[in-house]
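Trainee: Just one file: data.pdb, with PDB, C-alpha atoms.
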ATOM      1  CA  MET K   1       0.000   0.000   0.000  1.00  0.00           C
ATOM      2  CA  TRP K   2       2.837   2.408   0.850  1.00  0.00           C
ATOM      3  CA  LYS K   3       4.306   1.901  -2.646  1.00  0.00           C
ATOM      4  CA  GLY K   4       1.024   3.133  -4.124  1.00  0.00           C
ATOM      5  CA  THR K   5       1.125   6.225  -1.866  1.00  0.00           C
ATOM      6  CA  VAL K   6       4.704   7.040  -2.924  1.00  0.00           C
ATOM      7  CA  ALA K   7       3.797   6.549  -6.598  1.00  0.00           C
ATOM      8  CA  LEU K   8       0.837   8.921  -6.201  1.00  0.00           C
ATOM      9  CA  ILE K   9       3.062  11.567  -4.586  1.00  0.00           C
ATOM     10  CA  PHE K  10       5.608  11.379  -7.424  1.00  0.00           C
ATOM     11  CA  CYS K  11       2.815  11.536  -9.998  1.00  0.00           C
ATOM     12  CA  ILE K  12       1.395  14.704  -8.439  1.00  0.00           C
ATOM     13  CA  LEU K  13       4.875  16.226  -8.121  1.00  0.00           C
ATOM     14  CA  GLY K  14       5.440  15.473 -11.811  1.00  0.00           C
ATOM     15  CA  CYS K  15       2.268  17.378 -12.690  1.00  0.00           C
ATOM     16  CA  VAL K  16       3.437  20.358 -10.616  1.00  0.00           C
ATOM     17  CA  VAL K  17       6.851  20.369 -12.308  1.00  0.00           C
ATOM     18  CA  SER K  18       5.290  20.179 -15.788  1.00  0.00           C
ATOM     19  CA  SER K  19       3.031  23.161 -15.022  1.00  0.00           C
ATOM     20  CA  ALA K  20       6.162  25.124 -14.077  1.00  0.00           C
ATOM     21  CA  GLY K  21       7.241  24.940 -17.732  1.00  0.00           C
ATOM     22  CA  ALA K  22       4.615  27.488 -18.760  1.00  0.00           C
ATOM     23  CA  THR K  23       4.994  29.382 -22.035  1.00  0.00           C
ATOM     24  CA  PRO K  24       3.475  32.859 -21.682  1.00  0.00           C
ATOM     25  CA  LEU K  25       2.340  34.707 -24.813  1.00  0.00           C
ATOM     26  CA  ALA K  26       4.809  37.171 -26.383  1.00  0.00           C
ATOM     27  CA  TYR K  27       3.051  38.795 -29.363  1.00  0.00           C
ATOM     28  CA  SER K  28       4.772  41.576 -31.306  1.00  0.00           C
ATOM     29  CA  GLU K  29       3.017  43.374 -34.152  1.00  0.00           C
ATOM     30  CA  GLY K  30       6.344  44.111 -35.806  1.00  0.00           C
ATOM     31  CA  ILE K  31       7.142  40.383 -36.078  1.00  0.00           C
ATOM     32  CA  LEU K  32       3.798  38.565 -36.153  1.00  0.00           C
ATOM     33  CA  GLY K  33       1.519  41.030 -37.966  1.00  0.00           C
ATOM     34  CA  ASP K  34      -0.765  43.990 -37.330  1.00  0.00           C
ATOM     35  CA  LEU K  35      -3.438  43.635 -34.660  1.00  0.00           C
ATOM     36  CA  ALA K  36      -7.103  44.021 -35.559  1.00  0.00           C
ATOM     37  CA  SER K  37      -8.557  47.526 -35.552  1.00  0.00           C
ATOM     38  CA  SER K  38     -11.940  46.142 -34.473  1.00  0.00           C
ATOM     39  CA  LEU K  39     -13.442  43.024 -32.915  1.00  0.00           C
ATOM     40  CA  PRO K  40     -14.096  40.114 -33.143  1.00  0.00           C
ATOM     41  CA  ALA K  41     -10.404  39.301 -33.657  1.00  0.00           C
ATOM     42  CA  ALA K  42      -9.379  36.630 -36.159  1.00  0.00           C
ATOM     43  CA  SER K  43      -7.793  34.611 -33.352  1.00  0.00           C
ATOM     44  CA  VAL K  44      -7.996  34.491 -29.566  1.00  0.00           C
ATOM     45  CA  PHE K  45      -4.524  34.584 -27.973  1.00  0.00           C
ATOM     46  CA  PRO K  46      -4.016  31.738 -25.461  1.00  0.00           C
ATOM     47  CA  LEU K  47      -2.376  33.010 -22.267  1.00  0.00           C
ATOM     48  CA  ASP K  48      -0.313  30.914 -19.857  1.00  0.00           C
ATOM     49  CA  VAL K  49       0.940  31.237 -16.288  1.00  0.00           C
ATOM     50  CA  GLY K  50       3.391  34.132 -16.016  1.00  0.00           C
ATOM     51  CA  LEU K  51       3.693  37.515 -17.702  1.00  0.00           C
ATOM     52  CA  ASN K  52       2.074  37.511 -21.163  1.00  0.00           C
ATOM     53  CA  THR K  53       2.766  40.456 -23.496  1.00  0.00           C
ATOM     54  CA  VAL K  54       1.157  42.067 -26.543  1.00  0.00           C
ATOM     55  CA  SER K  55       3.254  44.820 -28.204  1.00  0.00           C
ATOM     56  CA  GLY K  56       2.696  47.236 -31.058  1.00  0.00           C
ATOM     57  CA  THR K  57       2.336  50.868 -32.101  1.00  0.00           C
ATOM     58  CA  LEU K  58      -0.649  53.208 -31.782  1.00  0.00           C
ATOM     59  CA  HIS K  59      -0.940  56.522 -33.591  1.00  0.00           C
ATOM     60  CA  TRP K  60      -3.170  59.426 -34.413  1.00  0.00           C
ATOM     61  CA  ILE K  61      -1.346  61.649 -36.912  1.00  0.00           C
ATOM     62  CA  ASN K  62      -2.947  64.144 -39.309  1.00  0.00           C
ATOM     63  CA  GLN K  63      -6.351  62.454 -39.041  1.00  0.00           C
ATOM     64  CA  THR K  64      -4.927  58.969 -39.730  1.00  0.00           C
ATOM     65  CA  SER K  65      -5.051  56.340 -37.000  1.00  0.00           C
ATOM     66  CA  ASP K  66      -3.817  52.879 -36.075  1.00  0.00           C
ATOM     67  CA  PHE K  67      -6.198  51.101 -33.696  1.00  0.00           C
ATOM     68  CA  ASP K  68      -5.057  47.874 -31.963  1.00  0.00           C
ATOM     69  CA  SER K  69      -7.598  45.486 -30.447  1.00  0.00           C
ATOM     70  CA  PHE K  70      -7.170  41.850 -29.418  1.00  0.00           C
ATOM     71  CA  ALA K  71      -8.885  38.932 -27.696  1.00  0.00           C
ATOM     72  CA  PHE K  72      -7.321  36.437 -25.286  1.00  0.00           C
ATOM     73  CA  SER K  73      -8.200  33.375 -23.223  1.00  0.00           C
ATOM     74  CA  VAL K  74      -7.334  32.612 -19.608  1.00  0.00           C
ATOM     75  CA  PRO K  75      -6.844  28.843 -19.153  1.00  0.00           C
ATOM     76  CA  ALA K  76      -8.562  26.574 -16.621  1.00  0.00           C
ATOM     77  CA  GLY K  77      -7.009  26.517 -13.162  1.00  0.00           C
ATOM     78  CA  THR K  78      -5.616  30.053 -13.519  1.00  0.00           C
ATOM     79  CA  GLN K  79      -6.715  33.657 -13.123  1.00  0.00           C
ATOM     80  CA  LEU K  80      -5.841  37.013 -14.674  1.00  0.00           C
ATOM     81  CA  THR K  81      -4.426  39.087 -11.811  1.00  0.00           C
ATOM     82  CA  GLN K  82      -2.989  42.228 -13.434  1.00  0.00           C
ATOM     83  CA  LEU K  83      -3.181  44.297 -16.628  1.00  0.00           C
ATOM     84  CA  SER K  84      -0.621  47.012 -17.319  1.00  0.00           C
ATOM     85  CA  PHE K  85       0.142  49.272 -20.274  1.00  0.00           C
ATOM     86  CA  ALA K  86       3.744  50.444 -20.831  1.00  0.00           C
ATOM     87  CA  PHE K  87       4.487  52.968 -23.577  1.00  0.00           C
ATOM     88  CA  ALA K  88       7.036  55.350 -25.091  1.00  0.00           C
ATOM     89  CA  LEU K  89       6.191  58.207 -27.447  1.00  0.00           C
ATOM     90  CA  SER K  90       7.929  57.633 -30.765  1.00  0.00           C
ATOM     91  CA  ALA K  91       6.565  60.769 -32.477  1.00  0.00           C
ATOM     92  CA  GLU K  92       4.537  63.804 -31.551  1.00  0.00           C
ATOM     93  CA  ARG K  93       3.430  66.686 -33.714  1.00  0.00           C
ATOM     94  CA  ASP K  94       2.429  69.959 -32.115  1.00  0.00           C
ATOM     95  CA  THR K  95       0.841  67.907 -29.358  1.00  0.00           C
ATOM     96  CA  THR K  96       0.956  68.270 -25.591  1.00  0.00           C
ATOM     97  CA  ASP K  97      -1.674  65.760 -24.594  1.00  0.00           C
ATOM     98  CA  GLY K  98      -3.024  62.447 -25.861  1.00  0.00           C
ATOM     99  CA  ALA K  99      -4.711  59.259 -24.712  1.00  0.00           C
ATOM    100  CA  ALA K 100      -5.796  55.910 -26.076  1.00  0.00           C
ATOM    101  CA  GLY K 101      -9.229  54.660 -25.035  1.00  0.00           C
ATOM    102  CA  PHE K 102      -9.688  50.960 -24.240  1.00  0.00           C
ATOM    103  CA  GLU K 103     -12.720  48.920 -23.269  1.00  0.00           C
ATOM    104  CA  PHE K 104     -12.090  45.650 -21.393  1.00  0.00           C
ATOM    105  CA  ALA K 105     -14.893  43.110 -21.764  1.00  0.00           C
ATOM    106  CA  GLY K 106     -15.819  39.445 -21.887  1.00  0.00           C
ATOM    107  CA  GLY K 107     -15.799  37.355 -25.057  1.00  0.00           C
ATOM    108  CA  ASN K 108     -14.234  38.014 -28.445  1.00  0.00           C
ATOM    109  CA  GLY K 109     -16.104  41.117 -29.487  1.00  0.00           C
ATOM    110  CA  THR K 110     -19.321  40.220 -27.675  1.00  0.00           C
ATOM    111  CA  PHE K 111     -18.655  42.962 -25.063  1.00  0.00           C
ATOM    112  CA  SER K 112     -20.508  41.068 -22.373  1.00  0.00           C
ATOM    113  CA  PRO K 113     -19.971  41.702 -19.597  1.00  0.00           C
ATOM    114  CA  VAL K 114     -18.084  45.016 -19.782  1.00  0.00           C
ATOM    115  CA  TYR K 115     -15.428  45.211 -17.042  1.00  0.00           C
ATOM    116  CA  GLY K 116     -14.447  48.820 -17.614  1.00  0.00           C
ATOM    117  CA  PHE K 117     -13.338  51.647 -19.882  1.00  0.00           C
ATOM    118  CA  GLU K 118     -10.150  53.672 -19.438  1.00  0.00           C
ATOM    119  CA  ASN K 119      -8.416  56.517 -21.283  1.00  0.00           C
ATOM    120  CA  LEU K 120      -4.686  55.750 -21.003  1.00  0.00           C
ATOM    121  CA  ASN K 121      -2.650  58.982 -21.034  1.00  0.00           C
ATOM    122  CA  VAL K 122       0.380  58.437 -23.303  1.00  0.00           C
ATOM    123  CA  PHE K 123       1.893  61.742 -22.132  1.00  0.00           C
ATOM    124  CA  GLY K 124       1.900  60.621 -18.492  1.00  0.00           C
ATOM    125  CA  ALA K 125       3.926  58.122 -16.478  1.00  0.00           C
ATOM    126  CA  SER K 126       4.556  54.624 -17.812  1.00  0.00           C
ATOM    127  CA  PRO K 127       3.509  51.905 -17.115  1.00  0.00           C
ATOM    128  CA  ILE K 128      -0.160  52.349 -16.258  1.00  0.00           C
ATOM    129  CA  VAL K 129      -1.847  49.635 -14.176  1.00  0.00           C
ATOM    130  CA  ALA K 130      -5.287  49.290 -15.768  1.00  0.00           C
ATOM    131  CA  PHE K 131      -8.688  47.819 -14.870  1.00  0.00           C
ATOM    132  CA  SER K 132      -7.591  46.858 -11.337  1.00  0.00           C
ATOM    133  CA  ALA K 133     -11.161  46.966 -10.004  1.00  0.00           C
ATOM    134  CA  ALA K 134     -12.200  44.138 -12.364  1.00  0.00           C
ATOM    135  CA  LEU K 135      -9.437  41.722 -11.350  1.00  0.00           C
ATOM    136  CA  PRO K 136      -8.823  38.910 -10.646  1.00  0.00           C
ATOM    137  CA  LEU K 137     -10.811  37.131 -13.357  1.00  0.00           C
ATOM    138  CA  GLY K 138     -10.948  33.364 -13.891  1.00  0.00           C
ATOM    139  CA  PRO K 139     -10.895  31.170 -16.997  1.00  0.00           C
ATOM    140  CA  GLY K 140     -12.630  32.363 -20.166  1.00  0.00           C
ATOM    141  CA  ASP K 141     -12.335  34.585 -23.240  1.00  0.00           C
ATOM    142  CA  TYR K 142     -11.819  38.336 -22.928  1.00  0.00           C
ATOM    143  CA  SER K 143     -11.213  41.277 -25.243  1.00  0.00           C
ATOM    144  CA  MET K 144      -9.276  44.542 -25.175  1.00  0.00           C
ATOM    145  CA  PHE K 145     -10.975  46.960 -27.576  1.00  0.00           C
ATOM    146  CA  ASN K 146      -9.162  50.137 -28.687  1.00  0.00           C
ATOM    147  CA  ASP K 147     -12.194  52.308 -29.291  1.00  0.00           C
ATOM    148  CA  GLY K 148     -10.787  55.817 -29.647  1.00  0.00           C
ATOM    149  CA  PHE K 149      -7.972  58.357 -29.452  1.00  0.00           C
ATOM    150  CA  TYR K 150      -7.990  61.700 -27.678  1.00  0.00           C
ATOM    151  CA  LYS K 151      -5.503  64.404 -28.587  1.00  0.00           C
ATOM    152  CA  LEU K 152      -4.557  68.051 -28.841  1.00  0.00           C
ATOM    153  CA  GLY K 153      -2.601  69.378 -31.827  1.00  0.00           C
ATOM    154  CA  SER K 154      -1.957  67.332 -34.942  1.00  0.00           C
ATOM    155  CA  GLY K 155      -1.235  63.957 -33.377  1.00  0.00           C
ATOM    156  CA  TRP K 156       1.077  61.454 -31.688  1.00  0.00           C
ATOM    157  CA  SER K 157       2.510  57.956 -32.020  1.00  0.00           C
ATOM    158  CA  ALA K 158       3.474  55.553 -29.242  1.00  0.00           C
ATOM    159  CA  ASP K 159       5.107  52.151 -28.982  1.00  0.00           C
ATOM    160  CA  TYR K 160       3.378  50.100 -26.293  1.00  0.00           C
ATOM    161  CA  THR K 161       3.300  46.772 -24.485  1.00  0.00           C
ATOM    162  CA  TRP K 162       0.287  45.300 -22.728  1.00  0.00           C
ATOM    163  CA  SER K 163       1.367  42.969 -19.899  1.00  0.00           C
ATOM    164  CA  LEU K 164      -1.186  40.397 -18.756  1.00  0.00           C
ATOM    165  CA  LYS K 165      -0.208  38.570 -15.565  1.00  0.00           C
ATOM    166  CA  VAL K 166      -1.711  35.112 -15.096  1.00  0.00           C
ATOM    167  CA  ASP K 167      -1.335  33.146 -11.853  1.00  0.00           C
ATOM    168  CA  PRO K 168      -2.447  29.658 -10.878  1.00  0.00           C
ATOM    169  CA  VAL K 169      -5.526  29.541  -8.655  1.00  0.00           C
ATOM    170  CA  THR K 170      -3.945  29.252  -5.207  1.00  0.00           C
ATOM    171  CA  ASN K 171      -6.002  26.280  -4.012  1.00  0.00           C
ATOM    172  CA  ALA K 172      -5.836  24.364  -7.310  1.00  0.00           C
ATOM    173  CA  VAL K 173      -2.524  22.509  -6.739  1.00  0.00           C
ATOM    174  CA  PRO K 174      -0.664  22.205  -3.410  1.00  0.00           C
ATOM    175  CA  GLU K 175       2.983  23.281  -3.304  1.00  0.00           C
ATOM    176  CA  PRO K 176       5.578  20.479  -3.613  1.00  0.00           C
ATOM    177  CA  THR K 177       6.609  20.908   0.056  1.00  0.00           C
ATOM    178  CA  SER K 178       2.997  20.515   1.173  1.00  0.00           C
ATOM    179  CA  LEU K 179       2.642  17.426  -0.995  1.00  0.00           C
ATOM    180  CA  LEU K 180       5.792  15.911   0.506  1.00  0.00           C
ATOM    181  CA  LEU K 181       4.555  16.539   4.047  1.00  0.00           C
ATOM    182  CA  LEU K 182       1.166  15.110   3.126  1.00  0.00           C
ATOM    183  CA  GLY K 183       2.841  12.025   1.655  1.00  0.00           C
ATOM    184  CA  THR K 184       5.123  11.392   4.638  1.00  0.00           C
ATOM    185  CA  GLY K 185       2.181  11.958   6.981  1.00  0.00           C
ATOM    186  CA  GLY K 186       0.186   9.410   4.977  1.00  0.00           C
ATOM    187  CA  LEU K 187       3.022   6.895   5.280  1.00  0.00           C
ATOM    188  CA  ALA K 188       3.173   7.413   9.043  1.00  0.00           C
ATOM    189  CA  ILE K 189      -0.574   6.778   9.327  1.00  0.00           C
ATOM    190  CA  VAL K 190      -0.221   3.567   7.309  1.00  0.00           C
ATOM    191  CA  ARG K 191       2.550   2.372   9.663  1.00  0.00           C
ATOM    192  CA  VAL K 192       0.440   3.124  12.762  1.00  0.00           C
ATOM    193  CA  ILE K 193      -2.515   1.186  11.304  1.00  0.00           C
ATOM    194  CA  ARG K 194      -0.257  -1.781  10.445  1.00  0.00           C
ATOM    195  CA  LYS K 195       1.228  -1.863  13.972  1.00  0.00           C
ATOM    196  CA  ARG K 196      -2.271  -1.723  15.479  1.00  0.00           C
ATOM    197  CA  ASN K 197      -3.457  -4.548  13.212  1.00  0.00           C
ATOM    198  CA  ASN K 198      -0.409  -6.657  14.105  1.00  0.00           C
ATOM    199  CA  LYS K 199      -1.068  -6.189  17.851  1.00  0.00           C
ATOM    200  CA  ILE K 200      -4.720  -7.183  17.430  1.00  0.00           C
ATOM    201  CA  ALA K 201      -3.727 -10.287  15.470  1.00  0.00           C
TER     202      ALA K 201
END
Is it possible to express this structure as structure tokens?
Mentor:
Amino acid sequence: MWKGTVALIFCILGCVVSSAGATPLAYSEGILGDLASSLPAASVFPLDVGLNTVSGTLHWINQTSDFDSFAFSVPAGTQLTQLSFAFALSAERDTTDGAAGFEFAGGNGTFSPVYGFENLNVFGASPIVAFSAALPLGPGDYSMFNDGFYKLGSGWSADYTWSLKVDPVTNAVPEPTSLLLLGTGGLAIVRVIRKRNNKIA
């Protein structure tokens, strides 16, 4: 019986170690192609445990614009715990103020439910922690919709990176140390039961 307990412990530990090899998303417009200007997106980005990133360039220059929207999925057993928007102005033209408007919602373009709307000031401090009141959020599909630009003067351009932090649900899998203690405790209980049975016999 104790061999079965040890085998179970090593099996669970193996699962924990394999989940540690997570591969977070690292999407760059410059390498992988322009993001959608509207939703639904052609594909839903799969996130993984860790810091996932989506990078690109936004601009509003002389009445021309580059909108960037995307959809993503949070896997089972995890939760989205933080969204942040880092940026650096790459061009500005007679402009002293500017912001990009984003709506964070459920689904891929279904906008249900809506978790919030924020104007992210690209002339302020970077990074901006966004939509904190809506987090954490569990497994499912979500969308980040770039629905407008706000500016003074003739325009601006900014390179940006969205960072999406995904963590395992804390009670989903015990830590390896806890599993080891649980396993050794289980072995001790088995020994006590065997000794008791031997005395009775």
Trainee: For Leu137 (chain K), which residue out of K:Tyr115, K:Phe45, K:Trp156, K:Phe85 is the nearest one, using all atoms listed in the file?
Mentor: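 Closest candidate: K:Tyr115.
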Trainee: Which residue out of K:Thr95, K:Gln79, K:Asn119, K:Ser73 has the minimum interatomic distance to Gly148 (chain K) when all atoms listed in the file are used?
Mentor: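 That would be K:Asn119, the residue with the smallest distance to Gly148 (chain K).
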Trainee: Measure the distance from CA of Ser84 (chain K) to CA of Val54 (chain K) in Å and round it to one decimal.
Mentor: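 Separating CA of Ser84 (chain K) from CA of Val54 (chain K) is a distance of 10.6 Å.
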Trainee: Care to translate the PyMOL selection byres ((chain K and resi 43) around 9) into actual residues of this file, as a list in words?
Mentor: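 Selected by the PyMOL selection byres ((chain K and resi 43) around 9) in this file: Pro40, Ala41, Ala42, Val44, Phe45, Phe70, Ala71, Phe72 and Asn108 of chain K.
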Trainee: Using the chain letters and numbers from this file, what does the PyMOL selection byres ((chain K and resi 88) around 12) select? Give the answer as a list in words.
Mentor: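 Selected by the PyMOL selection byres ((chain K and resi 88) around 12) in this file: Ser55, Gly56, Thr57, Leu58, His59, Phe85, Ala86, Phe87, Leu89, Ser90, Ala91, Glu92, Asn121, Val122, Phe123, Gly124, Ala125, Ser126, Pro127, Ile128, Trp156, Ser157, Ala158, Asp159, Tyr160 and Thr161 of chain K.
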Trainee: Suppose you want the space between CA of Asp147 (chain K) and CA of Ser65 (chain K); what is it in Å?
Mentor: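 Rounded to one decimal, the two atoms are 11.3 Å apart.
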Trainee: Could you list the residues chosen by the PyMOL selection byres ((chain K and resi 140) around 7) in this structure as a list of chain:residue names?
Mentor: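 For this structure, the PyMOL selection byres ((chain K and resi 140) around 7) captures K:Ser73, K:Val74, K:Pro75, K:Gly138, K:Pro139, K:Asp141, K:Tyr142.
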Trainee: CA of Asp68 (chain K) and CA of Leu35 (chain K) are how many Å apart?
Mentor: 5.3 Å
Trainee: Nearest to Gly98 (chain K) among K:Val49, K:Ala133, K:Ile61, K:Leu164, with distances taken over all atoms listed in the file: which residue is it?
Mentor: K:Ile61
Trainee: In terms of the shortest atom-to-atom distance over all atoms listed in the file, which of K:Leu47, K:Gln82, K:Asn52, K:Gly153 is closest to Asp97 (chain K)?
Mentor: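 Closest to Asp97 (chain K) of all the choices is K:Gly153.
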Trainee: Name the closest residue to Pro113 (chain K) among the candidates K:Ser143, K:Ala100, K:Gly50, K:Lys151; distances are taken between atoms, counting all atoms listed in the file.
Mentor: K:Ser143
Trainee: May I have the centre and edge lengths, in Å to one decimal, of an axis-aligned box around the listed atoms of region 158-167 of chain K with 4 Å added to every side, as lines of an AutoDock Vina configuration file?
Mentor:
center_x = 1.7
center_y = 44.3
center_z = -20.5
size_x = 14.8
size_y = 30.4
size_z = 25.4
Trainee: Find the residue from K:Tyr27, K:Phe131, K:Phe102, K:Phe117 that sits nearest to Met144 (chain K); use only C-alpha atoms when measuring.
Mentor: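 For Met144 (chain K), the nearest of the candidates is K:Phe102.
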Trainee: Would you kindly identify which residues have an atom no farther than 7 Å from (-9.7, 47.0, -36.0), using all atoms listed in the file and the file's own coordinates, and write them out as a list in words?
Mentor: Ala36, Ser37, Ser38, Leu39, Phe67, Asp68 and Ser69 of chain K
Trainee: Taking the structure I provided as the source, export region 36-57 of chain K with N, CA and C atoms, as a short mmCIF file (atom, residue, chain, number, x, y, z; two decimals), in the first residue's frame.
Mentor:
data_model
loop_
_atom_site.label_atom_id
_atom_site.label_comp_id
_atom_site.auth_asym_id
_atom_site.auth_seq_id
_atom_site.Cartn_x
_atom_site.Cartn_y
_atom_site.Cartn_z
N ALA K 36 -5.83 43.59 -34.99
CA ALA K 36 -7.10 44.02 -35.56
C ALA K 36 -7.45 45.43 -35.09
N SER K 37 -8.10 46.19 -35.96
CA SER K 37 -8.56 47.53 -35.55
C SER K 37 -9.91 47.44 -34.87
N SER K 38 -10.63 46.32 -35.10
CA SER K 38 -11.94 46.14 -34.47
C SER K 38 -12.08 44.69 -34.03
N LEU K 39 -13.17 44.38 -33.38
CA LEU K 39 -13.44 43.02 -32.92
C LEU K 39 -14.72 42.50 -33.57
N PRO K 40 -14.92 41.19 -33.70
CA PRO K 40 -14.10 40.11 -33.14
C PRO K 40 -12.75 39.97 -33.86
N ALA K 41 -11.73 39.54 -33.10
CA ALA K 41 -10.40 39.30 -33.66
C ALA K 41 -10.39 37.98 -34.41
N ALA K 42 -9.47 37.86 -35.36
CA ALA K 42 -9.38 36.63 -36.16
C ALA K 42 -8.98 35.45 -35.30
N SER K 43 -8.19 35.70 -34.26
CA SER K 43 -7.79 34.61 -33.35
C SER K 43 -7.79 35.12 -31.91
N VAL K 44 -8.01 34.18 -31.00
CA VAL K 44 -8.00 34.49 -29.57
C VAL K 44 -6.65 34.02 -29.01
N PHE K 45 -5.85 34.94 -28.47
CA PHE K 45 -4.52 34.58 -27.97
C PHE K 45 -4.63 33.73 -26.72
N PRO K 46 -4.01 32.54 -26.69
CA PRO K 46 -4.02 31.74 -25.46
C PRO K 46 -2.95 32.23 -24.49
N LEU K 47 -3.33 32.58 -23.28
CA LEU K 47 -2.38 33.01 -22.27
C LEU K 47 -1.90 31.80 -21.48
N ASP K 48 -0.82 31.97 -20.72
CA ASP K 48 -0.31 30.91 -19.86
C ASP K 48 0.14 31.55 -18.55
N VAL K 49 0.48 30.73 -17.58
CA VAL K 49 0.94 31.24 -16.29
C VAL K 49 2.20 32.06 -16.50
N GLY K 50 2.24 33.24 -15.88
CA GLY K 50 3.39 34.13 -16.02
C GLY K 50 2.97 35.47 -16.59
N LEU K 51 3.95 36.20 -17.14
CA LEU K 51 3.69 37.52 -17.70
C LEU K 51 3.57 37.40 -19.22
N ASN K 52 2.36 37.56 -19.73
CA ASN K 52 2.07 37.51 -21.16
C ASN K 52 2.14 38.94 -21.71
N THR K 53 2.63 39.10 -22.94
CA THR K 53 2.77 40.46 -23.50
C THR K 53 2.20 40.55 -24.91
N VAL K 54 1.63 41.72 -25.20
CA VAL K 54 1.16 42.07 -26.54
C VAL K 54 1.72 43.46 -26.84
N SER K 55 2.55 43.56 -27.90
CA SER K 55 3.25 44.82 -28.20
C SER K 55 2.92 45.32 -29.60
N GLY K 56 2.95 46.65 -29.75
CA GLY K 56 2.70 47.24 -31.06
C GLY K 56 2.88 48.74 -31.03
N THR K 57 2.26 49.41 -31.99
CA THR K 57 2.34 50.87 -32.10
C THR K 57 0.94 51.43 -32.33
#
